[in-house]
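Asker: target22.pdb is reproduced in full below (PDB, C-alpha atoms).
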ATOM      1  CA  MET A  16     -20.697  33.422  21.372
ATOM      2  CA  ALA A  17     -24.473  32.911  21.503
ATOM      3  CA  GLY A  18     -24.132  29.986  19.079
ATOM      4  CA  GLU A  19     -21.588  28.323  21.316
ATOM      5  CA  ILE A  20     -23.836  28.772  24.377
ATOM      6  CA  ASP A  21     -26.751  27.212  22.467
ATOM      7  CA  ARG A  22     -24.553  24.294  21.407
ATOM      8  CA  LEU A  23     -23.385  23.694  24.988
ATOM      9  CA  ASP A  24     -26.965  23.976  26.284
ATOM     10  CA  ASN A  25     -28.086  21.378  23.715
ATOM     11  CA  LEU A  26     -25.202  19.107  24.683
ATOM     12  CA  THR A  27     -26.102  19.438  28.375
ATOM     13  CA  GLN A  28     -29.722  18.506  27.626
ATOM     14  CA  ASN A  29     -28.605  15.468  25.639
ATOM     15  CA  LEU A  30     -26.311  14.323  28.437
ATOM     16  CA  ALA A  31     -29.100  14.820  30.989
ATOM     17  CA  THR A  32     -31.393  12.667  28.833
ATOM     18  CA  MET A  33     -28.756   9.928  28.674
ATOM     19  CA  VAL A  34     -28.185  10.002  32.451
ATOM     20  CA  SER A  35     -31.935   9.872  33.036
ATOM     21  CA  PHE A  36     -32.244   6.858  30.744
ATOM     22  CA  LEU A  37     -29.413   5.049  32.487
ATOM     23  CA  ASN A  38     -30.928   5.778  35.910
ATOM     24  CA  GLU A  39     -34.342   4.478  34.792
ATOM     25  CA  THR A  40     -33.134   1.189  33.387
ATOM     26  CA  ASN A  41     -32.799  -1.877  35.542
ATOM     27  CA  LEU A  42     -29.900  -3.243  33.485
ATOM     28  CA  ALA A  43     -26.590  -3.908  35.107
ATOM     29  CA  ILE A  44     -24.708  -0.885  33.781
ATOM     30  CA  ASP A  45     -21.279  -2.510  34.062
ATOM     31  CA  GLN A  46     -22.452  -5.439  31.969
ATOM     32  CA  SER A  47     -24.040  -3.132  29.383
ATOM     33  CA  ILE A  48     -20.873  -1.054  29.073
ATOM     34  CA  ASP A  49     -18.710  -4.183  28.813
ATOM     35  CA  THR A  50     -20.962  -5.549  26.076
ATOM     36  CA  PHE A  51     -20.924  -2.208  24.253
ATOM     37  CA  VAL A  52     -17.139  -1.837  24.455
ATOM     38  CA  SER A  53     -16.627  -5.425  23.326
ATOM     39  CA  GLY A  54     -18.966  -4.900  20.395
ATOM     40  CA  VAL A  55     -17.209  -1.713  19.313
ATOM     41  CA  ALA A  56     -13.795  -3.415  19.616
ATOM     42  CA  ASN A  57     -15.011  -6.300  17.449
ATOM     43  CA  GLN A  58     -16.307  -3.835  14.860
ATOM     44  CA  ILE A  59     -12.956  -2.029  14.814
ATOM     45  CA  VAL A  60     -11.081  -5.295  14.267
ATOM     46  CA  ALA A  61     -13.486  -6.332  11.488
ATOM     47  CA  SER A  62     -13.202  -2.908   9.868
ATOM     48  CA  ARG A  63      -9.404  -3.099   9.911
ATOM     49  CA  VAL A  64      -9.467  -6.563   8.344
ATOM     50  CA  MET A  65     -11.711  -5.274   5.565
ATOM     51  CA  ALA A  66      -9.533  -2.190   5.033
ATOM     52  CA  MET A  67      -6.399  -4.348   4.885
ATOM     53  CA  GLY A  68      -8.074  -6.614   2.336
ATOM     54  CA  SER A  69      -9.063  -3.638   0.204
ATOM     55  CA  LEU A  70      -5.568  -2.182   0.395
ATOM     56  CA  GLU A  71      -3.989  -5.499  -0.536
ATOM     57  CA  ASN A  72      -6.379  -5.879  -3.491
ATOM     58  CA  PHE A  73      -5.538  -2.365  -4.671
ATOM     59  CA  TYR A  74      -1.804  -3.087  -4.453
ATOM     60  CA  ARG A  75      -2.224  -6.390  -6.278
ATOM     61  CA  GLN A  76      -4.157  -4.641  -9.040
ATOM     62  CA  ARG A  77      -1.397  -2.044  -9.439
ATOM     63  CA  THR A  78       1.297  -4.725  -9.555
ATOM     64  CA  SER A  79      -0.491  -7.024 -11.972
ATOM     65  CA  LEU A  80      -1.808  -4.608 -14.602
ATOM     66  CA  TRP A  81       1.198  -2.399 -15.269
ATOM     67  CA  ASP A  82       3.116  -4.479 -17.799
ATOM     68  CA  CYS A  83       0.743  -4.244 -20.794
ATOM     69  CA  ASP A  84       0.804  -0.460 -20.661
ATOM     70  CA  PHE A  85       4.564  -0.623 -20.103
ATOM     71  CA  ARG A  86       5.036  -2.597 -23.310
ATOM     72  CA  GLU A  87       2.778  -0.228 -25.253
ATOM     73  CA  TYR A  88       4.466   2.864 -23.862
ATOM     74  CA  PHE A  89       7.904   1.703 -25.039
ATOM     75  CA  LEU A  90       6.715  -0.130 -28.162
ATOM     76  CA  LEU A  91       8.879   1.891 -30.551
ATOM     77  CA  GLU A  92      12.052   1.416 -28.521
ATOM     78  CA  PRO A  93      14.494  -1.213 -29.860
ATOM     79  CA  PHE A  94      14.484  -3.077 -26.522
ATOM     80  CA  VAL A  95      10.782  -3.799 -27.114
ATOM     81  CA  ALA A  96      10.284  -3.647 -30.902
ATOM     82  CA  VAL A  97      13.456  -5.459 -31.995
ATOM     83  CA  ASP A  98      14.803  -7.666 -29.196
ATOM     84  CA  ARG A  99      13.184  -7.929 -25.772
ATOM     85  CA  ASN A 100      16.234  -9.769 -24.452
ATOM     86  CA  ALA A 101      18.634  -6.942 -25.394
ATOM     87  CA  PRO A 102      19.775  -4.515 -22.693
ATOM     88  CA  ILE A 103      17.521  -1.504 -22.224
ATOM     89  CA  GLY A 104      20.611   0.681 -22.250
ATOM     90  CA  ALA A 105      21.808   3.723 -20.349
ATOM     91  CA  SER A 106      19.943   6.229 -22.528
ATOM     92  CA  SER A 107      16.493   4.648 -22.031
ATOM     93  CA  PHE A 108      16.846   3.179 -18.555
ATOM     94  CA  PRO A 109      16.068   6.395 -16.595
ATOM     95  CA  GLU A 110      12.759   6.793 -18.464
ATOM     96  CA  VAL A 111      11.930   3.110 -17.915
ATOM     97  CA  LEU A 112      12.675   3.461 -14.209
ATOM     98  CA  ASP A 113      10.610   6.673 -13.976
ATOM     99  CA  TYR A 114       7.703   4.867 -15.656
ATOM    100  CA  ILE A 115       7.890   1.947 -13.213
ATOM    101  CA  GLN A 116       8.209   4.334 -10.269
ATOM    102  CA  ALA A 117       5.107   6.282 -11.319
ATOM    103  CA  LYS A 118       2.935   3.340 -12.360
ATOM    104  CA  VAL A 119       3.862   0.764  -9.722
ATOM    105  CA  PHE A 120       6.327   1.770  -7.031
ATOM    106  CA  ASP A 121       4.769   5.057  -5.882
ATOM    107  CA  ASP A 122       1.540   3.389  -4.790
ATOM    108  CA  LEU A 123       3.464   0.735  -2.849
ATOM    109  CA  CYS A 124       6.020   3.196  -1.429
ATOM    110  CA  LEU A 125       8.869   1.344  -3.094
ATOM    111  CA  ASP A 126      12.111   3.127  -3.837
ATOM    112  CA  SER A 127      13.583   2.915  -7.347
ATOM    113  CA  THR A 128      17.093   3.424  -5.930
ATOM    114  CA  LYS A 129      16.736   0.250  -3.874
ATOM    115  CA  PHE A 130      15.243  -1.467  -6.921
ATOM    116  CA  LYS A 131      18.356  -0.647  -8.977
ATOM    117  CA  VAL A 132      20.462  -2.383  -6.327
ATOM    118  CA  PHE A 133      18.035  -5.293  -6.418
ATOM    119  CA  LEU A 134      18.445  -5.560 -10.208
ATOM    120  CA  VAL A 135      22.201  -5.952  -9.939
ATOM    121  CA  ASP A 136      21.963  -8.390  -7.007
ATOM    122  CA  ASP A 137      18.881 -10.329  -8.216
ATOM    123  CA  ILE A 138      19.621 -14.029  -8.579
ATOM    124  CA  TYR A 139      16.910 -14.410 -11.227
ATOM    125  CA  ILE A 140      18.728 -12.149 -13.675
ATOM    126  CA  ASP A 141      21.937 -13.221 -15.362
ATOM    127  CA  SER A 142      24.805 -11.252 -13.963
ATOM    128  CA  ILE A 143      24.703  -7.618 -15.000
ATOM    129  CA  ASP A 144      27.118  -4.857 -14.116
ATOM    130  CA  THR A 145      24.691  -1.945 -14.127
ATOM    131  CA  PRO A 146      20.908  -1.772 -13.892
ATOM    132  CA  SER A 147      20.685  -0.433 -17.457
ATOM    133  CA  ASP A 148      22.073  -3.774 -18.705
ATOM    134  CA  VAL A 149      18.760  -5.411 -17.835
ATOM    135  CA  SER A 150      16.475  -6.417 -20.714
ATOM    136  CA  PHE A 151      12.776  -5.689 -21.152
ATOM    137  CA  ASN A 152      11.901  -9.294 -20.244
ATOM    138  CA  GLU A 153      14.200  -9.266 -17.214
ATOM    139  CA  ILE A 154      12.866  -6.001 -15.841
ATOM    140  CA  GLN A 155       9.290  -7.282 -16.096
ATOM    141  CA  ARG A 156      10.230 -10.403 -14.130
ATOM    142  CA  ALA A 157      12.242  -8.352 -11.641
ATOM    143  CA  VAL A 158       9.374  -5.916 -10.998
ATOM    144  CA  GLY A 159       7.041  -8.875 -10.481
ATOM    145  CA  PHE A 160       9.400 -10.527  -8.031
ATOM    146  CA  TYR A 161      10.189  -7.258  -6.221
ATOM    147  CA  THR A 162       6.520  -6.329  -5.791
ATOM    148  CA  ASP A 163       5.668  -9.878  -4.671
ATOM    149  CA  MET A 164       8.316  -9.514  -1.955
ATOM    150  CA  ALA A 165       6.785  -6.156  -0.964
ATOM    151  CA  MET A 166       3.288  -7.657  -0.803
ATOM    152  CA  SER A 167       4.506 -10.496   1.410
ATOM    153  CA  TYR A 168       6.291  -8.026   3.645
ATOM    154  CA  TYR A 169       3.328  -5.643   3.916
ATOM    155  CA  PHE A 170       0.576  -8.211   4.408
ATOM    156  CA  GLU A 171       2.001 -11.595   5.385
ATOM    157  CA  SER A 172       4.820 -10.800   7.795
ATOM    158  CA  ASP A 173       4.479  -9.747  11.405
ATOM    159  CA  THR A 174       6.495  -6.579  10.789
ATOM    160  CA  ILE A 175       3.523  -4.321  10.041
ATOM    161  CA  ASP A 176       0.359  -5.297  11.890
ATOM    162  CA  PRO A 177      -3.173  -4.009  11.205
ATOM    163  CA  THR A 178      -2.938  -1.529  14.086
ATOM    164  CA  MET A 179       0.118   0.087  12.493
ATOM    165  CA  TRP A 180      -1.682   0.272   9.145
ATOM    166  CA  ALA A 181      -4.704   1.841  10.861
ATOM    167  CA  GLU A 182      -2.520   4.424  12.605
ATOM    168  CA  ALA A 183      -1.061   5.250   9.172
ATOM    169  CA  ASN A 184      -4.607   5.607   7.795
ATOM    170  CA  PHE A 185      -3.850   2.605   5.540
ATOM    171  CA  LYS A 186      -1.353   4.651   3.518
ATOM    172  CA  CYS A 187       2.156   3.307   3.208
ATOM    173  CA  GLU A 188       3.637   6.805   2.942
ATOM    174  CA  LYS A 189       2.433   7.440   6.506
ATOM    175  CA  LEU A 190       4.188   4.373   7.901
ATOM    176  CA  PRO A 191       7.496   4.994   9.691
ATOM    177  CA  PRO A 192      10.240   5.195   7.025
ATOM    178  CA  ALA A 193      12.157   2.382   8.710
ATOM    179  CA  LEU A 194       9.298   0.022   7.851
ATOM    180  CA  LEU A 195       9.331   0.749   4.120
ATOM    181  CA  ILE A 196      11.145  -1.459   1.662
TER     182      ILE A 196
END
Please, can you express the file's structure as structure tokens?
Answerer:
Amino acid sequence: MAGEIDRLDNLTQNLATMVSFLNETNLAIDQSIDTFVSGVANQIVASRVMAMGSLENFYRQRTSLWDCDFREYFLLEPFVAVDRNAPIGASSFPEVLDYIQAKVFDDLCLDSTKFKVFLVDDIYIDSIDTPSDVSFNEIQRAVGFYTDMAMSYYFESDTIDPTMWAEANFKCEKLPPALLI
């Protein structure tokens, strides 16, 4: 209790000092406050722009550097070692999808279930009946295209503005679910 009283006493002294300073100055207080508020607002906007740029760079790094490790991780699988245009197959596809989810999609808050639908509907892939029919080469292209669409949506559309990103602490998992791809 004594600590709290000391803290409040110190705060009161600091406020009294500030009031005294403001009373002693001959500056137009309204103009000073307007200038201060404008300056802080400009700093907030600049800070958000920098944070958005950093976030976009991080996402781009995650989406551009995953495929070499992907190839190495599955190097002994026939869909990589023998024929990269052969279907990945139903037995290996869940592990491939888990890998992509962990290495790429999690950071961008992308859903592998929606990606499987995308694979079947993707116009850049020859018609396939199930996602596991996709080849190693096709899935690399599809992930690239899918993440490029996500990047455009997150940073180039008007759907999610910098204020929304700031309110979500620049973390996609804190954005409203309806805004996620």
Asker: Specify as number ranges by chain each residue included when the PyMOL selection byres ((chain A and resi 177-190) around 12) is applied to this file.
Answerer: A: 59-71, 73-74, 120-126, 165-166, 169-176, 191-196
Asker: Would you save the residues of that selection, restricted to C-alpha atoms, as a CSV table (one decimal), keeping the file's coordinate frame?
Answerer:
chain,number,residue,atom,x,y,z
A,59,ILE,CA,-13.0,-2.0,14.8
A,60,VAL,CA,-11.1,-5.3,14.3
A,61,ALA,CA,-13.5,-6.3,11.5
A,62,SER,CA,-13.2,-2.9,9.9
A,63,ARG,CA,-9.4,-3.1,9.9
A,64,VAL,CA,-9.5,-6.6,8.3
A,65,MET,CA,-11.7,-5.3,5.6
A,66,ALA,CA,-9.5,-2.2,5.0
A,67,MET,CA,-6.4,-4.3,4.9
A,68,GLY,CA,-8.1,-6.6,2.3
A,69,SER,CA,-9.1,-3.6,0.2
A,70,LEU,CA,-5.6,-2.2,0.4
A,71,GLU,CA,-4.0,-5.5,-0.5
A,73,PHE,CA,-5.5,-2.4,-4.7
A,74,TYR,CA,-1.8,-3.1,-4.5
A,120,PHE,CA,6.3,1.8,-7.0
A,121,ASP,CA,4.8,5.1,-5.9
A,122,ASP,CA,1.5,3.4,-4.8
A,123,LEU,CA,3.5,0.7,-2.8
A,124,CYS,CA,6.0,3.2,-1.4
A,125,LEU,CA,8.9,1.3,-3.1
A,126,ASP,CA,12.1,3.1,-3.8
A,165,ALA,CA,6.8,-6.2,-1.0
A,166,MET,CA,3.3,-7.7,-0.8
A,169,TYR,CA,3.3,-5.6,3.9
A,170,PHE,CA,0.6,-8.2,4.4
A,171,GLU,CA,2.0,-11.6,5.4
A,172,SER,CA,4.8,-10.8,7.8
A,173,ASP,CA,4.5,-9.7,11.4
A,174,THR,CA,6.5,-6.6,10.8
A,175,ILE,CA,3.5,-4.3,10.0
A,176,ASP,CA,0.4,-5.3,11.9
A,191,PRO,CA,7.5,5.0,9.7
A,192,PRO,CA,10.2,5.2,7.0
A,193,ALA,CA,12.2,2.4,8.7
A,194,LEU,CA,9.3,0.0,7.9
A,195,LEU,CA,9.3,0.7,4.1
A,196,ILE,CA,11.1,-1.5,1.7
Asker: For atom CA of A:Asn57 and atom CA of A:Phe36, determine how far apart the two atoms are, in Å to one decimal place.
Answerer: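 Atom-to-atom, atom CA of A:Asn57 and atom CA of A:Phe36 are spaced 25.4 Å apart.
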Asker: Go through A:Asn100, A:Ser127, A:Thr78, A:Thr50 one by one, measure the shortest atom-to-atom distance of each to A:Phe160 using only C-alpha atoms, and give the residue with the smallest value.
Answerer: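 Nearest candidate to A:Phe160 out of A:Asn100, A:Ser127, A:Thr78, A:Thr50: A:Thr78.
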Asker: Carefully work through the PyMOL selection byres ((chain A and resi 102) around 12) for this structure and note down the residues it includes, as a ChimeraX atom specification.
Answerer: /A:92-95,97-101,103-108,111,140-141,143-154
Asker: When distances are computed from all atoms listed in the file, which of A:Ser35, A:Ser167, A:Gln155, A:Thr162 shows the smallest separation from A:Arg86?
Answerer: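 Of the candidates, the smallest distance to A:Arg86 is held by A:Gln155.
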Asker: Just say which residues the PyMOL selection byres ((chain A and resi 82) around 10) picks in this file, as a ChimeraX atom specification.
Answerer: /A:77-81,83-88,115,118-119,155-156,158-159
Asker: Hey, which of A:Asp49, A:Ala96, A:Ala31, A:Lys131 ends up closest to A:Pro109? Count all atoms listed in the file.
Answerer: A:Lys131
Asker: Please report the interatomic distance between atom CA of A:Ala157 and atom CA of A:Phe133 in Å with one decimal.
Answerer: 8.4 Å
